[in-house]
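File shown: model-v1.cif (mmCIF, C-alpha atoms and all ligand atoms).
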```
data_model
#
loop_
_atom_site.group_PDB
_atom_site.id
_atom_site.type_symbol
_atom_site.label_atom_id
_atom_site.label_comp_id
_atom_site.auth_asym_id
_atom_site.auth_seq_id
_atom_site.Cartn_x
_atom_site.Cartn_y
_atom_site.Cartn_z
ATOM 1 C CA MET B 1 78.301 -236.733 148.379
ATOM 2 C CA ASN B 2 81.539 -238.734 148.173
ATOM 3 C CA ASP B 3 80.792 -240.416 151.503
ATOM 4 C CA LYS B 4 77.381 -241.378 150.184
ATOM 5 C CA LEU B 5 78.827 -242.843 147.009
ATOM 6 C CA GLN B 6 81.315 -244.826 149.094
ATOM 7 C CA ILE B 7 78.439 -246.321 151.076
ATOM 8 C CA PHE B 8 76.590 -246.995 147.819
ATOM 9 C CA THR B 9 79.611 -248.833 146.409
ATOM 10 C CA ASP B 10 80.155 -250.849 149.604
ATOM 11 C CA LYS B 11 76.509 -251.893 149.785
ATOM 12 C CA ILE B 12 76.333 -252.909 146.123
ATOM 13 C CA LYS B 13 79.621 -254.843 146.360
ATOM 14 C CA ALA B 14 78.363 -256.811 149.351
ATOM 15 C CA ALA B 15 74.896 -257.500 147.909
ATOM 16 C CA LYS B 16 73.884 -260.846 146.453
ATOM 17 C CA SER B 17 70.458 -259.608 145.365
ATOM 18 C CA ILE B 18 69.347 -256.139 144.319
ATOM 19 C CA ALA B 19 65.994 -254.760 143.204
ATOM 20 C CA ILE B 20 65.458 -251.424 141.473
ATOM 21 C CA ILE B 21 61.994 -249.877 141.725
ATOM 22 C CA GLY B 22 60.543 -246.661 140.286
ATOM 23 C CA HIS B 23 57.161 -245.009 140.715
ATOM 24 C CA LYS B 24 53.963 -246.717 139.604
ATOM 25 C CA ASN B 25 53.005 -246.105 135.955
ATOM 26 C CA PRO B 26 56.630 -245.266 135.124
ATOM 27 C CA ASP B 27 57.436 -242.296 132.896
ATOM 28 C CA GLY B 28 60.574 -241.865 130.789
ATOM 29 C CA ASP B 29 62.721 -240.792 133.741
ATOM 30 C CA ALA B 30 61.627 -243.581 136.091
ATOM 31 C CA LEU B 31 62.018 -246.212 133.368
ATOM 32 C CA GLY B 32 65.254 -244.794 131.905
ATOM 33 C CA SER B 33 66.931 -244.259 135.288
ATOM 34 C CA ALA B 34 65.980 -247.716 136.591
ATOM 35 C CA LEU B 35 67.152 -249.599 133.495
ATOM 36 C CA ALA B 36 70.332 -247.502 133.135
ATOM 37 C CA LEU B 37 71.260 -247.994 136.787
ATOM 38 C CA GLY B 38 70.574 -251.730 136.506
ATOM 39 C CA ARG B 39 72.874 -251.984 133.502
ATOM 40 C CA LEU B 40 75.571 -249.877 135.214
ATOM 41 C CA ILE B 41 75.546 -252.138 138.258
ATOM 42 C CA GLU B 42 75.762 -255.163 135.999
ATOM 43 C CA LEU B 43 78.699 -253.711 134.029
ATOM 44 C CA ASN B 44 80.639 -252.494 137.058
ATOM 45 C CA PHE B 45 79.772 -254.843 139.914
ATOM 46 C CA GLY B 46 78.989 -258.075 138.090
ATOM 47 C CA ILE B 47 75.514 -258.505 139.549
ATOM 48 C CA SER B 48 72.241 -258.105 137.654
ATOM 49 C CA PRO B 49 69.567 -256.245 139.642
ATOM 50 C CA VAL B 50 65.885 -257.026 139.182
ATOM 51 C CA CYS B 51 64.177 -253.955 137.677
ATOM 52 C CA THR B 52 60.463 -253.920 138.368
ATOM 53 C CA TYR B 53 57.395 -251.715 137.877
ATOM 54 C CA ASP B 54 53.678 -251.653 138.505
ATOM 55 C CA GLY B 55 50.815 -250.168 136.491
ATOM 56 C CA ASN B 56 51.333 -249.406 132.823
ATOM 57 C CA ILE B 57 54.275 -248.327 130.723
ATOM 58 C CA PRO B 58 52.999 -245.828 128.115
ATOM 59 C CA GLU B 59 53.011 -247.032 124.497
ATOM 60 C CA THR B 60 55.533 -244.332 123.575
ATOM 61 C CA LEU B 61 58.118 -246.013 125.823
ATOM 62 C CA GLY B 62 57.577 -249.482 124.359
ATOM 63 C CA ASP B 63 60.809 -249.481 122.330
ATOM 64 C CA VAL B 64 63.356 -248.178 124.822
ATOM 65 C CA PRO B 65 66.670 -250.080 125.153
ATOM 66 C CA LEU B 66 66.585 -253.023 127.573
ATOM 67 C CA ARG B 67 62.782 -252.687 127.859
ATOM 68 C CA SER B 68 62.448 -256.462 128.336
ATOM 69 C CA ARG B 69 64.455 -256.239 131.556
ATOM 70 C CA MET B 70 61.736 -254.146 133.211
ATOM 71 C CA ARG B 71 59.514 -256.751 134.797
ATOM 72 C CA TYR B 72 55.950 -256.437 135.987
ATOM 73 C CA PHE B 73 55.912 -256.607 139.790
ATOM 74 C CA GLY B 74 52.941 -258.958 139.915
ATOM 75 C CA HIS B 75 54.817 -261.529 137.829
ATOM 76 C CA LEU B 76 57.929 -261.688 140.003
ATOM 77 C CA ASN B 77 58.470 -264.755 142.088
ATOM 78 C CA ILE B 78 60.130 -263.370 145.194
ATOM 79 C CA THR B 79 61.237 -266.020 147.661
ATOM 80 C CA HIS B 80 63.922 -264.163 149.639
ATOM 81 C CA PRO B 81 64.261 -260.566 150.779
ATOM 82 C CA PHE B 82 66.596 -258.455 148.618
ATOM 83 C CA ASP B 83 69.922 -257.435 150.192
ATOM 84 C CA VAL B 84 69.541 -253.999 148.636
ATOM 85 C CA VAL B 85 66.474 -252.221 147.251
ATOM 86 C CA ILE B 86 67.114 -249.061 145.236
ATOM 87 C CA LEU B 87 64.204 -246.660 144.761
ATOM 88 C CA VAL B 88 64.640 -244.342 141.793
ATOM 89 C CA ASP B 89 62.486 -241.352 140.825
ATOM 90 C CA TYR B 90 59.754 -242.566 143.176
ATOM 91 C CA GLY B 91 58.431 -239.342 144.679
ATOM 92 C CA THR B 92 56.806 -240.483 147.897
ATOM 93 C CA ALA B 93 56.040 -243.801 149.625
ATOM 94 C CA ARG B 94 52.545 -243.795 148.132
ATOM 95 C CA HIS B 95 53.982 -244.201 144.612
ATOM 96 C CA VAL B 96 55.847 -247.411 145.482
ATOM 97 C CA GLU B 97 53.197 -248.818 147.771
ATOM 98 C CA PHE B 98 52.777 -251.803 145.423
ATOM 99 C CA ALA B 99 56.243 -252.979 146.554
ATOM 100 C CA SER B 100 55.930 -252.074 150.222
ATOM 101 C CA SER B 101 56.559 -255.643 151.428
ATOM 102 C CA VAL B 102 59.759 -255.885 149.373
ATOM 103 C CA ILE B 103 60.891 -252.486 150.625
ATOM 104 C CA GLN B 104 60.146 -253.275 154.274
ATOM 105 C CA ASN B 105 62.012 -256.587 154.117
ATOM 106 C CA ALA B 106 65.039 -255.202 152.274
ATOM 107 C CA GLY B 107 68.442 -255.531 153.938
ATOM 108 C CA PHE B 108 69.243 -251.959 152.988
ATOM 109 C CA ILE B 109 67.280 -249.242 151.177
ATOM 110 C CA ILE B 110 68.905 -246.699 148.874
ATOM 111 C CA GLU B 111 67.033 -243.932 147.111
ATOM 112 C CA ILE B 112 68.031 -241.750 144.189
ATOM 113 C CA ASP B 113 65.492 -239.035 143.497
ATOM 114 C CA HIS B 114 64.817 -235.435 142.526
ATOM 115 C CA HIS B 115 61.307 -235.139 143.960
ATOM 116 C CA LYS B 116 60.416 -233.257 147.099
ATOM 117 C CA ASN B 117 59.746 -235.830 149.805
ATOM 118 C CA ASP B 118 59.324 -235.103 153.512
ATOM 119 C CA ALA B 119 59.439 -238.756 154.525
ATOM 120 C CA PRO B 120 62.194 -240.500 152.533
ATOM 121 C CA LEU B 121 62.270 -244.299 152.704
ATOM 122 C CA GLY B 122 65.998 -244.686 152.078
ATOM 123 C CA ALA B 123 68.677 -245.336 154.690
ATOM 124 C CA LEU B 124 71.007 -243.843 152.093
ATOM 125 C CA CYS B 125 69.470 -240.888 150.224
ATOM 126 C CA ILE B 126 71.151 -239.673 147.064
ATOM 127 C CA ASP B 127 68.540 -236.978 146.565
ATOM 128 C CA ASP B 128 68.714 -233.580 144.934
ATOM 129 C CA GLU B 129 65.640 -231.474 144.281
ATOM 130 C CA ALA B 130 67.693 -229.137 142.122
ATOM 131 C CA ALA B 131 68.231 -231.886 139.527
ATOM 132 C CA ASP B 132 65.854 -231.720 136.576
ATOM 133 C CA ALA B 133 65.636 -235.515 136.315
ATOM 134 C CA THR B 134 66.699 -238.562 138.303
ATOM 135 C CA ALA B 135 68.714 -239.493 135.202
ATOM 136 C CA VAL B 136 70.913 -236.450 135.975
ATOM 137 C CA LEU B 137 71.804 -237.968 139.359
ATOM 138 C CA VAL B 138 72.533 -241.398 137.893
ATOM 139 C CA TYR B 139 74.742 -239.791 135.243
ATOM 140 C CA GLU B 140 76.659 -237.797 137.871
ATOM 141 C CA MET B 141 77.190 -240.927 139.997
ATOM 142 C CA MET B 142 78.521 -242.754 136.963
ATOM 143 C CA ARG B 143 80.936 -239.945 136.072
ATOM 144 C CA SER B 144 82.255 -239.339 139.563
ATOM 145 C CA GLN B 145 82.911 -243.053 140.066
ATOM 146 C CA ASN B 146 84.330 -243.594 136.573
ATOM 147 C CA TRP B 147 81.941 -246.440 135.966
ATOM 148 C CA LYS B 148 82.000 -248.214 132.632
ATOM 149 C CA CYS B 149 78.916 -247.576 130.539
ATOM 150 C CA ASP B 150 77.563 -248.455 127.115
ATOM 151 C CA ALA B 151 75.299 -246.981 124.454
ATOM 152 C CA ASP B 152 72.147 -248.377 126.102
ATOM 153 C CA VAL B 153 72.970 -246.654 129.398
ATOM 154 C CA LEU B 154 73.573 -243.320 127.675
ATOM 155 C CA ASN B 155 70.406 -243.542 125.581
ATOM 156 C CA LEU B 156 68.303 -244.464 128.616
ATOM 157 C CA LEU B 157 69.673 -241.534 130.618
ATOM 158 C CA ALA B 158 69.119 -239.201 127.655
ATOM 159 C CA LEU B 159 65.539 -240.492 127.483
ATOM 160 C CA GLY B 160 64.984 -239.679 131.164
ATOM 161 C CA ILE B 161 66.356 -236.186 130.692
ATOM 162 C CA VAL B 162 64.470 -235.439 127.481
ATOM 163 C CA THR B 163 61.121 -236.596 128.853
ATOM 164 C CA ASP B 164 61.363 -234.960 132.311
ATOM 165 C CA THR B 165 62.501 -231.619 130.880
ATOM 166 C CA GLY B 166 59.886 -231.657 128.090
ATOM 167 C CA TYR B 167 62.682 -231.626 125.491
ATOM 168 C CA PHE B 168 64.577 -229.077 127.648
ATOM 169 C CA LYS B 169 61.682 -226.601 127.827
ATOM 170 C CA PHE B 170 61.590 -226.984 131.629
ATOM 171 C CA ALA B 171 65.363 -227.124 132.212
ATOM 172 C CA ARG B 172 65.997 -224.858 135.205
ATOM 173 C CA THR B 173 69.788 -224.619 134.980
ATOM 174 C CA GLY B 174 72.559 -225.413 132.528
ATOM 175 C CA ARG B 175 73.475 -228.534 134.524
ATOM 176 C CA VAL B 176 71.149 -230.854 132.658
ATOM 177 C CA MET B 177 72.164 -229.385 129.303
ATOM 178 C CA ARG B 178 75.869 -229.814 130.016
ATOM 179 C CA ILE B 179 75.208 -233.461 130.793
ATOM 180 C CA MET B 180 73.267 -233.834 127.557
ATOM 181 C CA ALA B 181 76.120 -232.150 125.682
ATOM 182 C CA ASP B 182 78.544 -234.661 127.233
ATOM 183 C CA MET B 183 76.339 -237.530 126.159
ATOM 184 C CA VAL B 184 76.091 -236.217 122.598
ATOM 185 C CA ASP B 185 79.898 -236.118 122.524
ATOM 186 C CA GLN B 186 79.863 -239.750 123.630
ATOM 187 C CA GLY B 187 77.665 -240.768 120.718
ATOM 188 C CA VAL B 188 74.037 -240.186 121.776
ATOM 189 C CA ARG B 189 72.034 -238.834 118.850
ATOM 190 C CA LEU B 190 69.241 -236.505 119.967
ATOM 191 C CA ARG B 191 67.316 -237.370 116.834
ATOM 192 C CA GLY B 192 67.516 -241.025 117.796
ATOM 193 C CA VAL B 193 66.154 -240.327 121.293
ATOM 194 C CA TYR B 194 63.210 -238.357 119.865
ATOM 195 C CA ASP B 195 62.508 -241.106 117.346
ATOM 196 C CA MET B 196 62.504 -243.703 120.101
ATOM 197 C CA LEU B 197 59.403 -241.914 121.472
ATOM 198 C CA ASN B 198 57.608 -241.749 118.113
ATOM 199 C CA ASN B 199 56.046 -245.022 118.834
ATOM 200 C CA GLN B 200 52.335 -244.485 119.200
ATOM 201 C CA PRO B 201 49.666 -246.764 117.790
ATOM 202 C CA LYS B 202 48.113 -245.484 114.551
ATOM 203 C CA LYS B 203 44.660 -245.421 116.166
ATOM 204 C CA THR B 204 45.858 -243.035 118.871
ATOM 205 C CA ILE B 205 47.205 -240.475 116.430
ATOM 206 C CA LEU B 206 44.093 -240.717 114.242
ATOM 207 C CA VAL B 207 41.743 -240.270 117.201
ATOM 208 C CA GLU B 208 43.763 -237.359 118.570
ATOM 209 C CA SER B 209 44.015 -235.684 115.170
ATOM 210 C CA ARG B 210 40.243 -235.929 114.802
ATOM 211 C CA ALA B 211 39.792 -234.242 118.173
ATOM 212 C CA VAL B 212 42.029 -231.391 116.990
ATOM 213 C CA ALA B 213 40.263 -231.126 113.621
ATOM 214 C CA THR B 214 36.838 -230.861 115.241
ATOM 215 C CA ALA B 215 37.822 -228.425 118.020
ATOM 216 C CA GLU B 216 35.576 -225.423 118.641
ATOM 217 C CA PHE B 217 36.705 -221.917 119.461
ATOM 218 C CA PHE B 218 35.062 -219.356 121.726
ATOM 219 C CA TYR B 219 35.581 -215.796 122.916
ATOM 220 C CA ARG B 220 37.478 -214.584 119.835
ATOM 221 C CA ASP B 221 39.506 -217.795 119.739
ATOM 222 C CA ARG B 222 40.881 -217.357 123.258
ATOM 223 C CA LEU B 223 39.356 -220.689 124.312
ATOM 224 C CA ALA B 224 39.739 -223.927 122.322
ATOM 225 C CA VAL B 225 37.556 -226.903 123.257
ATOM 226 C CA ALA B 226 38.251 -230.411 121.944
ATOM 227 C CA THR B 227 36.167 -233.509 122.574
ATOM 228 C CA ILE B 228 36.954 -237.222 122.660
ATOM 229 C CA LEU B 229 33.848 -239.409 122.431
ATOM 230 C CA ASN B 230 33.512 -242.566 124.460
ATOM 231 C CA ARG B 231 34.107 -244.891 121.475
ATOM 232 C CA ASP B 232 37.525 -243.239 120.945
ATOM 233 C CA TYR B 233 38.500 -242.814 124.589
ATOM 234 C CA ARG B 234 40.359 -246.117 124.978
ATOM 235 C CA ASN B 235 42.566 -245.281 121.986
ATOM 236 C CA MET B 236 44.031 -242.199 123.641
ATOM 237 C CA ASP B 237 47.533 -242.229 125.039
ATOM 238 C CA GLY B 238 47.783 -240.728 128.498
ATOM 239 C CA ARG B 239 45.735 -237.616 129.122
ATOM 240 C CA GLY B 240 45.674 -236.361 125.552
ATOM 241 C CA GLU B 241 48.751 -234.146 125.770
ATOM 242 C CA ASN B 242 49.105 -234.231 121.980
ATOM 243 C CA VAL B 243 45.689 -232.632 121.494
ATOM 244 C CA LEU B 244 46.349 -229.986 124.133
ATOM 245 C CA ASP B 245 49.813 -229.225 122.728
ATOM 246 C CA ILE B 246 48.655 -228.767 119.153
ATOM 247 C CA LEU B 247 45.768 -226.475 120.107
ATOM 248 C CA ALA B 248 48.149 -224.439 122.286
ATOM 249 C CA ARG B 249 50.220 -223.658 119.198
ATOM 250 C CA ILE B 250 47.420 -221.589 117.658
ATOM 251 C CA LYS B 251 47.984 -217.856 117.710
ATOM 252 C CA GLY B 252 45.594 -216.172 120.115
ATOM 253 C CA VAL B 253 44.520 -219.326 121.960
ATOM 254 C CA GLU B 254 45.056 -218.784 125.693
ATOM 255 C CA TYR B 255 43.005 -221.612 127.212
ATOM 256 C CA ILE B 256 42.493 -225.182 126.060
ATOM 257 C CA ALA B 257 39.852 -227.584 127.378
ATOM 258 C CA LEU B 258 39.794 -231.258 126.425
ATOM 259 C CA LEU B 259 36.573 -233.105 127.241
ATOM 260 C CA LYS B 260 36.933 -236.872 127.437
ATOM 261 C CA GLN B 261 33.794 -238.961 127.562
ATOM 262 C CA GLN B 262 35.116 -241.726 129.811
ATOM 263 C CA LYS B 263 31.647 -243.207 130.237
ATOM 264 C CA ASP B 264 28.212 -242.140 129.029
ATOM 265 C CA ASN B 265 27.733 -239.729 131.893
ATOM 266 C CA GLN B 266 31.298 -239.304 133.121
ATOM 267 C CA ILE B 267 33.401 -236.625 131.522
ATOM 268 C CA GLY B 268 37.094 -236.022 132.232
ATOM 269 C CA VAL B 269 38.055 -232.398 131.710
ATOM 270 C CA SER B 270 41.704 -231.390 131.127
ATOM 271 C CA LEU B 271 42.422 -227.678 131.214
ATOM 272 C CA ARG B 272 45.530 -225.817 130.127
ATOM 273 C CA GLY B 273 46.414 -222.147 130.292
ATOM 274 C CA ARG B 274 49.328 -220.838 128.267
ATOM 275 C CA THR B 275 50.120 -217.867 130.481
ATOM 276 C CA ARG B 276 47.040 -217.662 132.712
ATOM 277 C CA ALA B 277 45.885 -219.861 135.555
ATOM 278 C CA VAL B 278 43.214 -222.528 135.093
ATOM 279 C CA ASN B 279 43.336 -224.253 138.470
ATOM 280 C CA HIS B 280 40.577 -222.067 139.943
ATOM 281 C CA ILE B 281 38.277 -223.257 137.164
ATOM 282 C CA ALA B 282 39.223 -226.894 137.745
ATOM 283 C CA GLN B 283 38.487 -226.376 141.438
ATOM 284 C CA ALA B 284 35.120 -224.831 140.666
ATOM 285 C CA LEU B 285 34.366 -227.980 138.637
ATOM 286 C CA GLY B 286 35.266 -230.154 141.631
ATOM 287 C CA GLY B 287 38.832 -231.009 140.572
ATOM 288 C CA GLY B 288 42.250 -229.429 140.977
ATOM 289 C CA GLY B 289 45.819 -229.435 139.715
ATOM 290 C CA HIS B 290 48.653 -227.074 138.909
ATOM 291 C CA MET B 291 48.326 -223.436 137.952
ATOM 292 C CA PHE B 292 48.582 -223.935 134.178
ATOM 293 C CA ALA B 293 47.519 -227.597 133.973
ATOM 294 C CA ALA B 294 44.496 -228.804 135.881
ATOM 295 C CA GLY B 295 41.419 -230.949 135.507
ATOM 296 C CA ALA B 296 38.287 -232.498 136.916
ATOM 297 C CA VAL B 297 35.933 -235.417 136.401
ATOM 298 C CA LEU B 298 32.222 -234.611 136.211
ATOM 299 C CA ARG B 299 29.264 -236.952 136.363
ATOM 300 C CA ASP B 300 27.002 -235.387 133.789
ATOM 301 C CA SER B 301 26.249 -235.585 130.079
ATOM 302 C CA LEU B 302 28.823 -234.438 127.545
ATOM 303 C CA GLU B 303 26.508 -231.639 126.407
ATOM 304 C CA ASN B 304 26.003 -230.278 129.926
ATOM 305 C CA VAL B 305 29.701 -230.429 130.797
ATOM 306 C CA HIS B 306 30.590 -228.783 127.505
ATOM 307 C CA ASP B 307 28.208 -225.873 128.115
ATOM 308 C CA LYS B 308 29.309 -225.519 131.730
ATOM 309 C CA VAL B 309 33.019 -225.396 130.848
ATOM 310 C CA VAL B 310 32.505 -222.875 128.033
ATOM 311 C CA GLU B 311 30.405 -220.698 130.358
ATOM 312 C CA MET B 312 33.079 -220.742 133.079
ATOM 313 C CA PHE B 313 35.606 -219.184 130.736
ATOM 314 C CA ARG B 314 33.314 -216.268 129.940
ATOM 315 C CA GLY B 315 35.101 -213.080 130.944
ATOM 316 C CA GLU B 316 38.439 -214.857 131.591
HETATM 317 MN MN MN A 401 61.728 -237.691 137.254
#
```
Rewrite the coordinates I just gave you, this time as structure tokens.
Amino acid sequence: MNDKLQIFTDKIKAAKSIAIIGHKNPDGDALGSALALGRLIELNFGISPVCTYDGNIPETLGDVPLRSRMRYFGHLNITHPFDVVILVDYGTARHVEFASSVIQNAGFIIEIDHHKNDAPLGALCIDDEAADATAVLVYEMMRSQNWKCDADVLNLLALGIVTDTGYFKFARTGRVMRIMADMVDQGVRLRGVYDMLNNQPKKTILVESRAVATAEFFYRDRLAVATILNRDYRNMDGRGENVLDILARIKGVEYIALLKQQKDNQIGVSLRGRTRAVNHIAQALGGGGHMFAAGAVLRDSLENVHDKVVEMFRGE
């Protein structure tokens, strides 16, 4: 790892232009890691990288430190190739395809990532699948190199960690928690990081609350089904995790289905299982996903999809 960090340092020192790119539709880790690394390079190497994204940044991340430095890729005016392009938290080539010309023309490509990737794009790969967030890797680079940092850097890295670990629920080892403990000792307030994310539009919370309040329950409350009508669909944030999370807190509820009327006859179905698989049901509906979180999109009326989904959980 030390050899890699030496190459990193040499490449950054020699660079006159640097771009930092995360995956499309950045989440807290992609956004936090990119902006923190950009600020660290600025503080320690005296050069300001261009941080860029494509797609949408969720409303909840609208107030993160240095947000204005994250620039929409389509608005950049790129006249010369970058000496160094750094890919952070990008996953696979497909997720940074929007920047493929910039990546191909780069003088040197570095990647910092914790995703599994069989075809890395970087000439220098600072990758570790055992890390619970890319922010963990950026933090460890910073510490091992004794880089200067500031409160924005620490809060951005804390944001990446908190969002990718689901507030530490998915932390696999103590490594990420020791880093968080270090950051708290350096002045990060966990409460402040959580509050930074409490940033949703009023309409979103009202629409999602209504979906919870009108949920139906089947099979002795083992299945909860919530519905978002078309007129409310555009006010949702993301996939409706809030609705799914709240219904999953109810004693006895094992499965949650959220039906989203995307168009008149197009229904998005998100399924969650608390301890039991739902992916076979998503597959039977023509979709797919992970064992406990899966979904499908059906071209049919809301009523038909509703009845079909409820029926599929019979006997589960
Ligand atoms: Mn990540």
For this session: Please identify every polymer residue within 12 Å of ligand MN 401 (chain A), using all atoms listed in the file, and present the set as number ranges by chain.
Result: B: 22-23, 26-34, 87-91, 112-116, 127-138, 157, 159-166
Problem set entry | Answer key for the PyMOL selection byres (((chain B and resi 12) around 10) and not hetatm), residues as a PyMOL selection string | chain B and resi 6-11+13-18+41+45-47+49+83-85+108
Generate the output file for the selected residues, C-alpha atoms, as a PDB file, in the frame of the given file.
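Saved to again.pdb:
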```pdb
ATOM      1  CA  GLN B   6      81.315-244.826 149.094  1.00  0.00           C
ATOM      2  CA  ILE B   7      78.439-246.321 151.076  1.00  0.00           C
ATOM      3  CA  PHE B   8      76.590-246.995 147.819  1.00  0.00           C
ATOM      4  CA  THR B   9      79.611-248.833 146.409  1.00  0.00           C
ATOM      5  CA  ASP B  10      80.155-250.849 149.604  1.00  0.00           C
ATOM      6  CA  LYS B  11      76.509-251.893 149.785  1.00  0.00           C
ATOM      7  CA  LYS B  13      79.621-254.843 146.360  1.00  0.00           C
ATOM      8  CA  ALA B  14      78.363-256.811 149.351  1.00  0.00           C
ATOM      9  CA  ALA B  15      74.896-257.500 147.909  1.00  0.00           C
ATOM     10  CA  LYS B  16      73.884-260.846 146.453  1.00  0.00           C
ATOM     11  CA  SER B  17      70.458-259.608 145.365  1.00  0.00           C
ATOM     12  CA  ILE B  18      69.347-256.139 144.319  1.00  0.00           C
ATOM     13  CA  ILE B  41      75.546-252.138 138.258  1.00  0.00           C
ATOM     14  CA  PHE B  45      79.772-254.843 139.914  1.00  0.00           C
ATOM     15  CA  GLY B  46      78.989-258.075 138.090  1.00  0.00           C
ATOM     16  CA  ILE B  47      75.514-258.505 139.549  1.00  0.00           C
ATOM     17  CA  PRO B  49      69.567-256.245 139.642  1.00  0.00           C
ATOM     18  CA  ASP B  83      69.922-257.435 150.192  1.00  0.00           C
ATOM     19  CA  VAL B  84      69.541-253.999 148.636  1.00  0.00           C
ATOM     20  CA  VAL B  85      66.474-252.221 147.251  1.00  0.00           C
ATOM     21  CA  PHE B 108      69.243-251.959 152.988  1.00  0.00           C
TER      22      PHE B 108
END
```
Exercise. Skipping near chain neighbours, those fewer than 2 positions away, what residues fall within 7 Å of stretch 261-266 of chain B using all atoms listed in the file, listed as a PyMOL selection string?
Worked result: chain B and resi 228-230+233+259+268+297-302
Exercise. Atom CA of B:Gly62 and atom CA of B:Asp232, how far apart in Å?
Worked result: 21.3 Å
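Here atom CA of B:Asp221 stands at a distance of 19.7 Å from atom CA of B:Glu241.
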Problem set entry | Non-local contacts of B:Ser270 (10 Å; only C-alpha atoms; under 4 positions in same chain excluded) as a list in words | Val225, Ala226, Arg239, Gly240, Glu241, Leu244, Ile256, Ala257, Leu258, Leu259, Lys260, Val278, Ala282, Gly287, Gly289, Ala293, Ala294, Gly295, Ala296 and Val297 of chain B
Could you add the missing atoms to stretch 198-211 of chain B, up to N, CA and C atoms, and return them as a PDB file, in the coordinates of the input?
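Heads up, here's the output in result30.pdb:
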```pdb
ATOM      1  N   ASN B 198      58.626-241.792 119.169  1.00  0.00           N
ATOM      2  CA  ASN B 198      57.608-241.749 118.113  1.00  0.00           C
ATOM      3  C   ASN B 198      57.125-243.161 117.846  1.00  0.00           C
ATOM      4  N   ASN B 199      56.318-243.602 118.763  1.00  0.00           N
ATOM      5  CA  ASN B 199      56.046-245.022 118.834  1.00  0.00           C
ATOM      6  C   ASN B 199      54.584-245.284 119.165  1.00  0.00           C
ATOM      7  N   GLN B 200      53.725-244.350 118.791  1.00  0.00           N
ATOM      8  CA  GLN B 200      52.335-244.485 119.200  1.00  0.00           C
ATOM      9  C   GLN B 200      51.545-245.322 118.216  1.00  0.00           C
ATOM     10  N   PRO B 201      50.523-246.005 118.693  1.00  0.00           N
ATOM     11  CA  PRO B 201      49.666-246.764 117.790  1.00  0.00           C
ATOM     12  C   PRO B 201      48.971-245.815 116.803  1.00  0.00           C
ATOM     13  N   LYS B 202      48.761-246.284 115.587  1.00  0.00           N
ATOM     14  CA  LYS B 202      48.113-245.484 114.551  1.00  0.00           C
ATOM     15  C   LYS B 202      46.767-244.945 115.038  1.00  0.00           C
ATOM     16  N   LYS B 203      45.996-245.818 115.698  1.00  0.00           N
ATOM     17  CA  LYS B 203      44.660-245.421 116.166  1.00  0.00           C
ATOM     18  C   LYS B 203      44.723-244.200 117.082  1.00  0.00           C
ATOM     19  N   THR B 204      45.739-244.150 117.935  1.00  0.00           N
ATOM     20  CA  THR B 204      45.858-243.035 118.871  1.00  0.00           C
ATOM     21  C   THR B 204      46.029-241.724 118.123  1.00  0.00           C
ATOM     22  N   ILE B 205      46.940-241.710 117.177  1.00  0.00           N
ATOM     23  CA  ILE B 205      47.205-240.475 116.430  1.00  0.00           C
ATOM     24  C   ILE B 205      45.980-240.072 115.614  1.00  0.00           C
ATOM     25  N   LEU B 206      45.281-241.055 115.038  1.00  0.00           N
ATOM     26  CA  LEU B 206      44.093-240.717 114.242  1.00  0.00           C
ATOM     27  C   LEU B 206      42.983-240.146 115.126  1.00  0.00           C
ATOM     28  N   VAL B 207      42.774-240.757 116.273  1.00  0.00           N
ATOM     29  CA  VAL B 207      41.743-240.270 117.201  1.00  0.00           C
ATOM     30  C   VAL B 207      42.091-238.867 117.702  1.00  0.00           C
ATOM     31  N   GLU B 208      43.357-238.666 118.043  1.00  0.00           N
ATOM     32  CA  GLU B 208      43.763-237.359 118.570  1.00  0.00           C
ATOM     33  C   GLU B 208      43.709-236.285 117.489  1.00  0.00           C
ATOM     34  N   SER B 209      44.082-236.648 116.275  1.00  0.00           N
ATOM     35  CA  SER B 209      44.015-235.684 115.170  1.00  0.00           C
ATOM     36  C   SER B 209      42.573-235.260 114.918  1.00  0.00           C
ATOM     37  N   ARG B 210      41.659-236.234 115.022  1.00  0.00           N
ATOM     38  CA  ARG B 210      40.243-235.929 114.802  1.00  0.00           C
ATOM     39  C   ARG B 210      39.752-234.951 115.882  1.00  0.00           C
ATOM     40  N   ALA B 211      40.205-235.149 117.094  1.00  0.00           N
ATOM     41  CA  ALA B 211      39.792-234.242 118.173  1.00  0.00           C
ATOM     42  C   ALA B 211      40.294-232.833 117.897  1.00  0.00           C
TER      43      ALA B 211
END
```
